[in-house]
Amino acid sequence: MGASVLGRPYQRRDGTLWCEGVALERLADAVGTPAYVYSANALRERFRALDAALAAVPHRIHYSLKANSSRGLLQVLRAEGCRADVVSGGELMRARRAGFAPDDIIFGGVGKRRDEIRAAIESRVLLLNVESAAELDIAIEEAQSLGTRARIAFRVNPEVHVANAHEFIATGSRGHKFGIPWGEVPALAARALASPHVELSGLDMHVGSQLTNLEPYRDGVARLAALARELQRQGAPLRFFDAGGGLPARYDAEEAPDLALFAEIIVPVVNDLGLELIVEPGRFVVAESCVLLTRVLYRKPSGGTDFVICDAGMSELLRPSHYDAFHKVEAVRPRGGTATVDVVGPICETGDFIARDRLMDDPAPGDVLAVHTAGAYGYVMALTYNTRPRAPEVLVDGSRWAVITRRETLDDLVRLEAETVEWAEG
């Protein structure tokens with residue numbers, strides 16, 4: 001079965017890089033650098049491709065806001081019929097502000113505060129994903145105090161072997177902090193079924209992120225299906241089977257994920273159970289839609305290394321430093337020739353880099369570089385370290401563009417600081 005055909009939204013015309021119908025050179029001049037630029041049609045294409053792949057079963061696609069929670073992007077996806085998956089009270093607020101109805105929101109996360117659990121129940125979100133016995137107790141208490149019955153799902157750790165690109169994005173193996181340990185689920189289900197204040201409506205798993213091999217899904221789905229059948233025999237009113245996220249994005253020369261195979265693994269199982277399928281993609285939807293534009297400030301040879309010093313670094317894209325992640329870097333308008341360089345930023349840290357020992361276009365100061373696949377875990381993980389304002393986000397849709405998040409100012413960075421200290425007695 002062949003991989004899905006998913007286009008790349010950034011193409012060259014007359015030697016320069018364009019996003020849809022807008023030249024990136026013009027955008028860099030208009031909004032300055034650094035800047036995140038997104039293709040609206042790339043978002044639509046990926047949502048539609050996944051939606052079509054799952055058409056054989058009743059399903060809901062809940063985009064994971066943790067990948068990127070910008071309102072402008074959320075509104076594009078909501079218009080397509082996408083729903084939302086949130087992991088904090090802040091993300092719940094963002095989803096509501098973007099127009100998602102409570103019944104289109106799932107609230108997950110391993111460390112929910114009591115007030116966040118109460119807010120989720122009070123908002124009447126579709127599902128509150130419970131991840132521990134203590135969280136179940138709080139959900140029951142808060143639902144009781146509100147005089148309501150909360151719809152919950154159990155996020156289960158499927159305890160399958162997952163080979164991720166980095167240990168920090170593996171979530172579904174034994175011993176990880178995420179999900180209810182496999183052996184504890186039956187006892188917790190009995191407690192939930194005995195309570196008049198919660199309704200156990202779903203089972204959820206998340207085996208990991210950036211899964212280029214889909215076999216962990218096959219193992220996880222089989223285990224979760226067996227558990228669903230056991231709970232249905234116990235009388236659980238299950239409605240939803242949540243296979244989580246994890247579909248990969250392309251950072252280099254990888255093939256697009258095989259959505260047909262993904263559906264082949266999941267759809268028959270869910271159909272057999274008679275449940276509605278939920279999937280929670282994040283990176284797959286948004287990562288490839290974006291490039292980070294950065295301007296070269298200096299070329300600096302030092303100790304045998306040729307440094308390309310730019311105005312973006314780990315403050316705008318933390319993934320290379322944090323995960324040793326690869327992001328393709330190219331000149332928006334190449335001058336000709338190549339060089340092996342380290343692309344680094346202005347932050348006072350040795351770990352401030354975007355690419356190391358990289359053969360790429362040979363840039364000069366003033367040139368604009370495009371750092372690809374920056375839409376997921378880019379802006380949402382951006383830092384203000386060294387008192388650097390965060391960059392703007394720009395959305396391109398055909399031949400038009402708009403700033404959807406303005407560039408921060410220095411005043412923004414100090415707005416919450418007290419000008420005069422007001423002491424309180426202890």
# chains A, B, ... in the order shown; residues from 1 in each chain; ligands from 1

call {"tool": "select_by_dssp", "arguments": {"residues": "range 1-247 of chain A", "states": "strand (DSSP E or B)", "output": "VMD selection string"}}
result
chain A and resid 10 to 13 16 to 19 22 to 23 35 to 39 59 to 64 83 to 86 105 to 107 127 to 130 150 to 156 170 180 198 to 204 208 240 to 242

call {"tool": "closest_residue", "arguments": {"among": "A:Val31, A:Leu127, A:Ile404, A:Ala243", "to": "Leu277 in chain A", "atoms": "only C-alpha atoms"}}
result
A:Ala243

call {"tool": "atom_distance", "arguments": {"atom1": "CA of His59 in chain A", "atom2": "CA of Ile138 in chain A"}}
result
29.2 Å

call {"tool": "closest_atom_pairs", "arguments": {"of": "range 76-172 of chain A", "to": "range 177-194 of chain A", "cutoff": "7 Å", "atoms": "only C-alpha atoms", "output": "CSV"}}
result
residue,atom,partner,partner_atom,distance
A:Val110,CA,A:Phe178,CA,6.0
A:Glu131,CA,A:Gly179,CA,4.7
A:Ser132,CA,A:Ile180,CA,5.3
A:Ala133,CA,A:Leu188,CA,6.6
A:Arg155,CA,A:Gly179,CA,4.9
A:Val156,CA,A:Gly179,CA,4.6
A:Asn157,CA,A:Gly179,CA,4.6
A:Pro158,CA,A:Trp182,CA,6.4
A:Thr171,CA,A:Phe178,CA,6.2

call {"tool": "residues_around", "arguments": {"residues": "range 88-98 of chain A", "least_positions_apart": "4", "cutoff": "9 Å", "atoms": "only C-alpha atoms", "output": "ChimeraX atom specification"}}
result
/A:65-66,69-72,74-75,78,84,102,105-109,111-113,115-117,119-120

call {"tool": "write_last_selection", "arguments": {"atoms": "C-alpha atoms", "output": "mmCIF file, in the first residue's frame"}}
result
data_model
loop_
_atom_site.group_PDB
_atom_site.id
_atom_site.type_symbol
_atom_site.label_atom_id
_atom_site.label_comp_id
_atom_site.auth_asym_id
_atom_site.auth_seq_id
_atom_site.Cartn_x
_atom_site.Cartn_y
_atom_site.Cartn_z
ATOM 1 C CA LEU A 65 -3.263 22.235 20.497
ATOM 2 C CA LYS A 66 0.050 21.512 22.208
ATOM 3 C CA SER A 69 -2.275 26.822 19.575
ATOM 4 C CA SER A 70 -2.318 30.011 17.467
ATOM 5 C CA ARG A 71 -5.891 31.233 17.049
ATOM 6 C CA GLY A 72 -5.444 31.950 13.336
ATOM 7 C CA LEU A 74 -7.179 26.935 14.886
ATOM 8 C CA GLN A 75 -9.802 28.882 12.972
ATOM 9 C CA ARG A 78 -12.256 24.491 12.777
ATOM 10 C CA ALA A 84 -9.712 20.185 19.554
ATOM 11 C CA PRO A 102 -17.352 22.391 24.401
ATOM 12 C CA ILE A 105 -13.083 19.519 22.957
ATOM 13 C CA ILE A 106 -11.238 16.726 24.737
ATOM 14 C CA PHE A 107 -9.306 17.709 27.875
ATOM 15 C CA GLY A 108 -6.240 15.554 28.576
ATOM 16 C CA GLY A 109 -2.917 15.968 30.331
ATOM 17 C CA GLY A 111 -0.938 16.871 35.621
ATOM 18 C CA LYS A 112 -4.315 18.601 35.692
ATOM 19 C CA ARG A 113 -4.938 20.890 38.647
ATOM 20 C CA ASP A 115 -9.391 23.950 39.113
ATOM 21 C CA GLU A 116 -8.643 22.734 35.577
ATOM 22 C CA ILE A 117 -10.637 19.538 36.140
ATOM 23 C CA ALA A 119 -13.320 23.985 34.515
ATOM 24 C CA ALA A 120 -13.434 21.065 32.074
#

call {"tool": "closest_residue", "arguments": {"among": "A:Pro58, A:Ser64, A:Pro268, A:Val221", "to": "Arg239 in chain A", "atoms": "only C-alpha atoms"}}
result
A:Pro58

call {"tool": "closest_residue", "arguments": {"among": "A:Gly336, A:Gly345, A:Pro248, A:Gly99", "to": "Thr294 in chain A", "atoms": "only C-alpha atoms"}}
result
A:Gly345

call {"tool": "atom_distance", "arguments": {"atom1": "CA of Ala42 in chain A", "atom2": "CA of Cys290 in chain A"}}
result
8.9 Å

call {"tool": "select_by_dssp", "arguments": {"residues": "range 40-147 of chain A", "states": "helix (DSSP H, G or I)", "output": "number ranges by chain"}}
result
A: 40-53, 71-79, 89-97, 102-104, 114-123, 133-146

call {"tool": "write_last_selection", "arguments": {"atoms": "C-alpha atoms", "output": "compact mmCIF listing (two decimals), in the first residue's frame"}}
result
# COMPACT_ATOMS: atom_id res chain seq x y z
CA ALA A 40 -3.31 27.67 5.26
CA ASN A 41 -3.74 25.20 2.42
CA ALA A 42 -1.16 22.84 3.89
CA LEU A 43 -3.29 22.66 7.05
CA ARG A 44 -6.43 21.98 5.02
CA GLU A 45 -4.74 19.35 2.88
CA ARG A 46 -3.51 17.30 5.80
CA PHE A 47 -6.82 17.45 7.65
CA ARG A 48 -8.73 16.42 4.52
CA ALA A 49 -6.33 13.57 3.75
CA LEU A 50 -6.69 12.07 7.22
CA ASP A 51 -10.46 12.63 7.22
CA ALA A 52 -10.77 10.81 3.90
CA ALA A 53 -8.58 7.92 5.05
CA ARG A 71 -5.89 31.23 17.05
CA GLY A 72 -5.44 31.95 13.34
CA LEU A 73 -4.45 28.35 12.64
CA LEU A 74 -7.18 26.94 14.89
CA GLN A 75 -9.80 28.88 12.97
CA VAL A 76 -8.61 27.44 9.67
CA LEU A 77 -8.90 23.91 11.07
CA ARG A 78 -12.26 24.49 12.78
CA ALA A 79 -13.70 25.69 9.47
CA GLY A 89 -6.80 25.32 31.28
CA GLY A 90 -4.97 27.77 29.05
CA GLU A 91 -5.44 25.59 25.98
CA LEU A 92 -9.11 25.16 26.89
CA MET A 93 -9.41 28.95 26.88
CA ARG A 94 -7.64 29.14 23.52
CA ALA A 95 -9.91 26.50 21.99
CA ARG A 96 -13.03 28.30 23.19
CA ARG A 97 -11.71 31.67 21.92
CA PRO A 102 -17.35 22.39 24.40
CA ASP A 103 -18.67 19.20 22.81
CA ASP A 104 -15.82 19.43 20.29
CA ARG A 114 -8.22 20.61 40.52
CA ASP A 115 -9.39 23.95 39.11
CA GLU A 116 -8.64 22.73 35.58
CA ILE A 117 -10.64 19.54 36.14
CA ARG A 118 -13.51 21.61 37.50
CA ALA A 119 -13.32 23.99 34.51
CA ALA A 120 -13.43 21.06 32.07
CA ILE A 121 -16.46 19.54 33.80
CA GLU A 122 -18.20 22.89 34.17
CA SER A 123 -17.61 23.63 30.46
CA ALA A 133 -6.64 7.00 40.39
CA ALA A 134 -6.18 10.32 42.20
CA GLU A 135 -7.46 12.21 39.17
CA LEU A 136 -10.55 10.00 39.06
CA ASP A 137 -11.24 10.84 42.72
CA ILE A 138 -11.02 14.59 41.99
CA ALA A 139 -13.24 14.28 38.90
CA ILE A 140 -15.90 12.50 40.97
CA GLU A 141 -15.66 15.10 43.75
CA GLU A 142 -15.87 18.07 41.39
CA ALA A 143 -18.75 16.60 39.37
CA GLN A 144 -20.61 15.93 42.60
CA SER A 145 -20.05 19.48 43.84
CA LEU A 146 -21.34 20.84 40.52

call {"tool": "residues_around", "arguments": {"residues": "Asp357 in chain A", "least_positions_apart": "6", "cutoff": "10 Å", "atoms": "only C-alpha atoms", "output": "PyMOL selection string"}}
result
chain A and resi 305-307+339-343

call {"tool": "write_last_selection", "arguments": {"atoms": "N, CA and C atoms", "output": "mmCIF file, in the first residue's frame"}}
result
data_model
loop_
_atom_site.group_PDB
_atom_site.id
_atom_site.type_symbol
_atom_site.label_atom_id
_atom_site.label_comp_id
_atom_site.auth_asym_id
_atom_site.auth_seq_id
_atom_site.Cartn_x
_atom_site.Cartn_y
_atom_site.Cartn_z
ATOM 1 N N THR A 305 35.449 25.901 12.435
ATOM 2 C CA THR A 305 34.003 25.886 12.179
ATOM 3 C C THR A 305 33.599 27.194 11.521
ATOM 4 N N ASP A 306 32.762 27.080 10.503
ATOM 5 C CA ASP A 306 32.248 28.255 9.802
ATOM 6 C C ASP A 306 30.845 28.539 10.345
ATOM 7 N N PHE A 307 30.724 29.563 11.186
ATOM 8 C CA PHE A 307 29.444 29.888 11.808
ATOM 9 C C PHE A 307 28.653 30.867 10.939
ATOM 10 N N ALA A 339 28.281 25.451 1.234
ATOM 11 C CA ALA A 339 29.302 25.483 2.278
ATOM 12 C C ALA A 339 28.838 24.596 3.424
ATOM 13 N N THR A 340 29.781 24.067 4.184
ATOM 14 C CA THR A 340 29.465 23.302 5.383
ATOM 15 C C THR A 340 29.604 24.240 6.576
ATOM 16 N N VAL A 341 28.478 24.475 7.251
ATOM 17 C CA VAL A 341 28.422 25.524 8.260
ATOM 18 C C VAL A 341 27.659 25.053 9.489
ATOM 19 N N ASP A 342 27.795 25.820 10.578
ATOM 20 C CA ASP A 342 26.900 25.734 11.726
ATOM 21 C C ASP A 342 25.992 26.948 11.674
ATOM 22 N N VAL A 343 24.685 26.713 11.634
ATOM 23 C CA VAL A 343 23.712 27.816 11.659
ATOM 24 C C VAL A 343 23.317 28.029 13.116
#

call {"tool": "closest_residue", "arguments": {"among": "A:Ala236, A:Ala153, A:Leu17, A:Ile61", "to": "Val285 in chain A", "atoms": "only C-alpha atoms"}}
result
A:Ile61

call {"tool": "residues_around", "arguments": {"residues": "Glu393 in chain A", "least_positions_apart": "3", "cutoff": "7 Å", "atoms": "only C-alpha atoms", "output": "JSON, numbers by chain"}}
result
{"A": [35, 36, 37, 403, 404, 405, 406]}

call {"tool": "write_last_selection", "arguments": {"atoms": "C-alpha atoms", "output": "mmCIF file, in the first residue's frame"}}
result
data_model
loop_
_atom_site.group_PDB
_atom_site.id
_atom_site.type_symbol
_atom_site.label_atom_id
_atom_site.label_comp_id
_atom_site.auth_asym_id
_atom_site.auth_seq_id
_atom_site.Cartn_x
_atom_site.Cartn_y
_atom_site.Cartn_z
ATOM 1 C CA ALA A 35 9.046 35.349 11.609
ATOM 2 C CA TYR A 36 6.972 32.179 11.398
ATOM 3 C CA VAL A 37 5.111 31.782 8.091
ATOM 4 C CA VAL A 403 -0.183 38.721 10.670
ATOM 5 C CA ILE A 404 -2.096 36.432 13.042
ATOM 6 C CA THR A 405 0.191 37.002 16.047
ATOM 7 C CA ARG A 406 2.038 40.304 16.264
#

call {"tool": "closest_residue", "arguments": {"among": "A:Arg218, A:Gly15, A:Leu200, A:Gly32", "to": "Pro334 in chain A", "atoms": "only C-alpha atoms"}}
result
A:Gly15

call {"tool": "residues_around", "arguments": {"residues": "range 369-371 of chain A", "least_positions_apart": "5", "cutoff": "8 Å", "atoms": "only C-alpha atoms", "output": "PyMOL selection string"}}
result
chain A and resi 291-296+327-332

call {"tool": "write_last_selection", "arguments": {"atoms": "C-alpha atoms", "output": "compact mmCIF listing (two decimals), in the first residue's frame"}}
result
# COMPACT_ATOMS: atom_id res chain seq x y z
CA VAL A 291 8.92 27.93 7.80
CA LEU A 292 10.82 30.09 10.24
CA LEU A 293 12.38 33.01 8.38
CA THR A 294 15.67 34.30 9.78
CA ARG A 295 18.20 36.79 8.45
CA VAL A 296 21.95 36.16 8.44
CA HIS A 327 15.33 20.89 10.30
CA LYS A 328 16.10 21.57 6.66
CA VAL A 329 17.63 25.04 6.17
CA GLU A 330 17.92 26.78 2.80
CA ALA A 331 18.43 30.27 1.47
CA VAL A 332 15.25 31.96 0.29

call {"tool": "atom_distance", "arguments": {"atom1": "CA of Ala364 in chain A", "atom2": "CA of Leu24 in chain A"}}
result
17.2 Å

call {"tool": "residues_around", "arguments": {"residues": "Gly337 in chain A", "least_positions_apart": "6", "cutoff": "10 Å", "atoms": "only C-alpha atoms", "output": "PDB file with N, CA and C atoms, in the first residue's frame"}}
result
ATOM      1  N   MET A 360      24.966  23.196   2.957  1.00  0.00           N
ATOM      2  CA  MET A 360      23.772  23.927   2.525  1.00  0.00           C
ATOM      3  C   MET A 360      24.174  25.094   1.623  1.00  0.00           C
ATOM      4  N   ASP A 361      23.164  25.880   1.218  1.00  0.00           N
ATOM      5  CA  ASP A 361      23.446  27.084   0.445  1.00  0.00           C
ATOM      6  C   ASP A 361      24.459  27.949   1.190  1.00  0.00           C
ATOM      7  N   ASP A 362      25.349  28.582   0.436  1.00  0.00           N
ATOM      8  CA  ASP A 362      26.407  29.413   1.018  1.00  0.00           C
ATOM      9  C   ASP A 362      25.873  30.847   1.166  1.00  0.00           C
ATOM     10  N   PRO A 363      25.429  31.253   2.384  1.00  0.00           N
ATOM     11  CA  PRO A 363      24.773  32.549   2.518  1.00  0.00           C
ATOM     12  C   PRO A 363      25.746  33.657   2.915  1.00  0.00           C
TER      13      PRO A 363
END

call {"tool": "closest_residue", "arguments": {"among": "A:Ser209, A:Glu264, A:Asp204, A:Pro34", "to": "Ser315 in chain A", "atoms": "only C-alpha atoms"}}
result
A:Pro34

call {"tool": "decode", "arguments": {"residues": "range 303-325 of chain A", "atoms": "N, CA and C atoms", "output": "mmCIF file, in the first residue's frame"}}
result
data_model
loop_
_atom_site.group_PDB
_atom_site.id
_atom_site.type_symbol
_atom_site.label_atom_id
_atom_site.label_comp_id
_atom_site.auth_asym_id
_atom_site.auth_seq_id
_atom_site.Cartn_x
_atom_site.Cartn_y
_atom_site.Cartn_z
ATOM 1 N N GLY A 303 38.021 28.334 14.944
ATOM 2 C CA GLY A 303 38.489 27.003 15.313
ATOM 3 C C GLY A 303 38.137 25.921 14.329
ATOM 4 N N GLY A 304 38.081 26.263 13.060
ATOM 5 C CA GLY A 304 37.760 25.261 12.044
ATOM 6 C C GLY A 304 36.284 25.134 11.740
ATOM 7 N N THR A 305 35.449 25.901 12.435
ATOM 8 C CA THR A 305 34.003 25.886 12.179
ATOM 9 C C THR A 305 33.599 27.194 11.521
ATOM 10 N N ASP A 306 32.762 27.080 10.503
ATOM 11 C CA ASP A 306 32.248 28.255 9.802
ATOM 12 C C ASP A 306 30.845 28.539 10.345
ATOM 13 N N PHE A 307 30.724 29.563 11.186
ATOM 14 C CA PHE A 307 29.444 29.888 11.808
ATOM 15 C C PHE A 307 28.653 30.867 10.939
ATOM 16 N N VAL A 308 27.371 30.532 10.730
ATOM 17 C CA VAL A 308 26.406 31.460 10.137
ATOM 18 C C VAL A 308 25.534 31.943 11.293
ATOM 19 N N ILE A 309 25.750 33.178 11.720
ATOM 20 C CA ILE A 309 25.052 33.714 12.879
ATOM 21 C C ILE A 309 23.806 34.454 12.405
ATOM 22 N N CYS A 310 22.643 34.035 12.903
ATOM 23 C CA CYS A 310 21.353 34.545 12.434
ATOM 24 C C CYS A 310 20.606 35.250 13.561
ATOM 25 N N ASP A 311 19.482 35.884 13.195
ATOM 26 C CA ASP A 311 18.684 36.558 14.216
ATOM 27 C C ASP A 311 17.623 35.644 14.831
ATOM 28 N N ALA A 312 17.623 34.364 14.476
ATOM 29 C CA ALA A 312 16.785 33.358 15.137
ATOM 30 C C ALA A 312 17.674 32.247 15.652
ATOM 31 N N GLY A 313 17.274 31.660 16.760
ATOM 32 C CA GLY A 313 18.050 30.562 17.328
ATOM 33 C C GLY A 313 17.159 29.704 18.197
ATOM 34 N N MET A 314 17.701 29.212 19.299
ATOM 35 C CA MET A 314 16.942 28.329 20.171
ATOM 36 C C MET A 314 15.741 29.033 20.786
ATOM 37 N N SER A 315 15.754 30.356 20.844
ATOM 38 C CA SER A 315 14.603 31.078 21.384
ATOM 39 C C SER A 315 13.401 30.959 20.453
ATOM 40 N N GLU A 316 13.619 30.827 19.165
ATOM 41 C CA GLU A 316 12.531 30.668 18.197
ATOM 42 C C GLU A 316 12.258 29.211 17.853
ATOM 43 N N LEU A 317 13.267 28.366 17.897
ATOM 44 C CA LEU A 317 13.103 26.951 17.565
ATOM 45 C C LEU A 317 13.987 26.141 18.497
ATOM 46 N N LEU A 318 13.367 25.614 19.546
ATOM 47 C CA LEU A 318 14.106 24.914 20.591
ATOM 48 C C LEU A 318 14.433 23.473 20.218
ATOM 49 N N ARG A 319 13.736 22.913 19.252
ATOM 50 C CA ARG A 319 13.852 21.487 18.971
ATOM 51 C C ARG A 319 15.275 21.024 18.648
ATOM 52 N N PRO A 320 16.055 21.736 17.831
ATOM 53 C CA PRO A 320 17.417 21.244 17.574
ATOM 54 C C PRO A 320 18.246 21.133 18.844
ATOM 55 N N SER A 321 18.148 22.121 19.717
ATOM 56 C CA SER A 321 18.930 22.092 20.942
ATOM 57 C C SER A 321 18.390 21.064 21.930
ATOM 58 N N HIS A 322 17.054 20.978 22.042
ATOM 59 C CA HIS A 322 16.429 20.127 23.059
ATOM 60 C C HIS A 322 16.384 18.666 22.644
ATOM 61 N N TYR A 323 16.105 18.405 21.367
ATOM 62 C CA TYR A 323 15.928 17.035 20.882
ATOM 63 C C TYR A 323 17.010 16.596 19.899
ATOM 64 N N ASP A 324 17.983 17.477 19.613
ATOM 65 C CA ASP A 324 18.944 17.224 18.548
ATOM 66 C C ASP A 324 18.204 16.966 17.228
ATOM 67 N N ALA A 325 17.134 17.728 17.007
ATOM 68 C CA ALA A 325 16.251 17.506 15.862
ATOM 69 C C ALA A 325 16.821 18.136 14.595
#
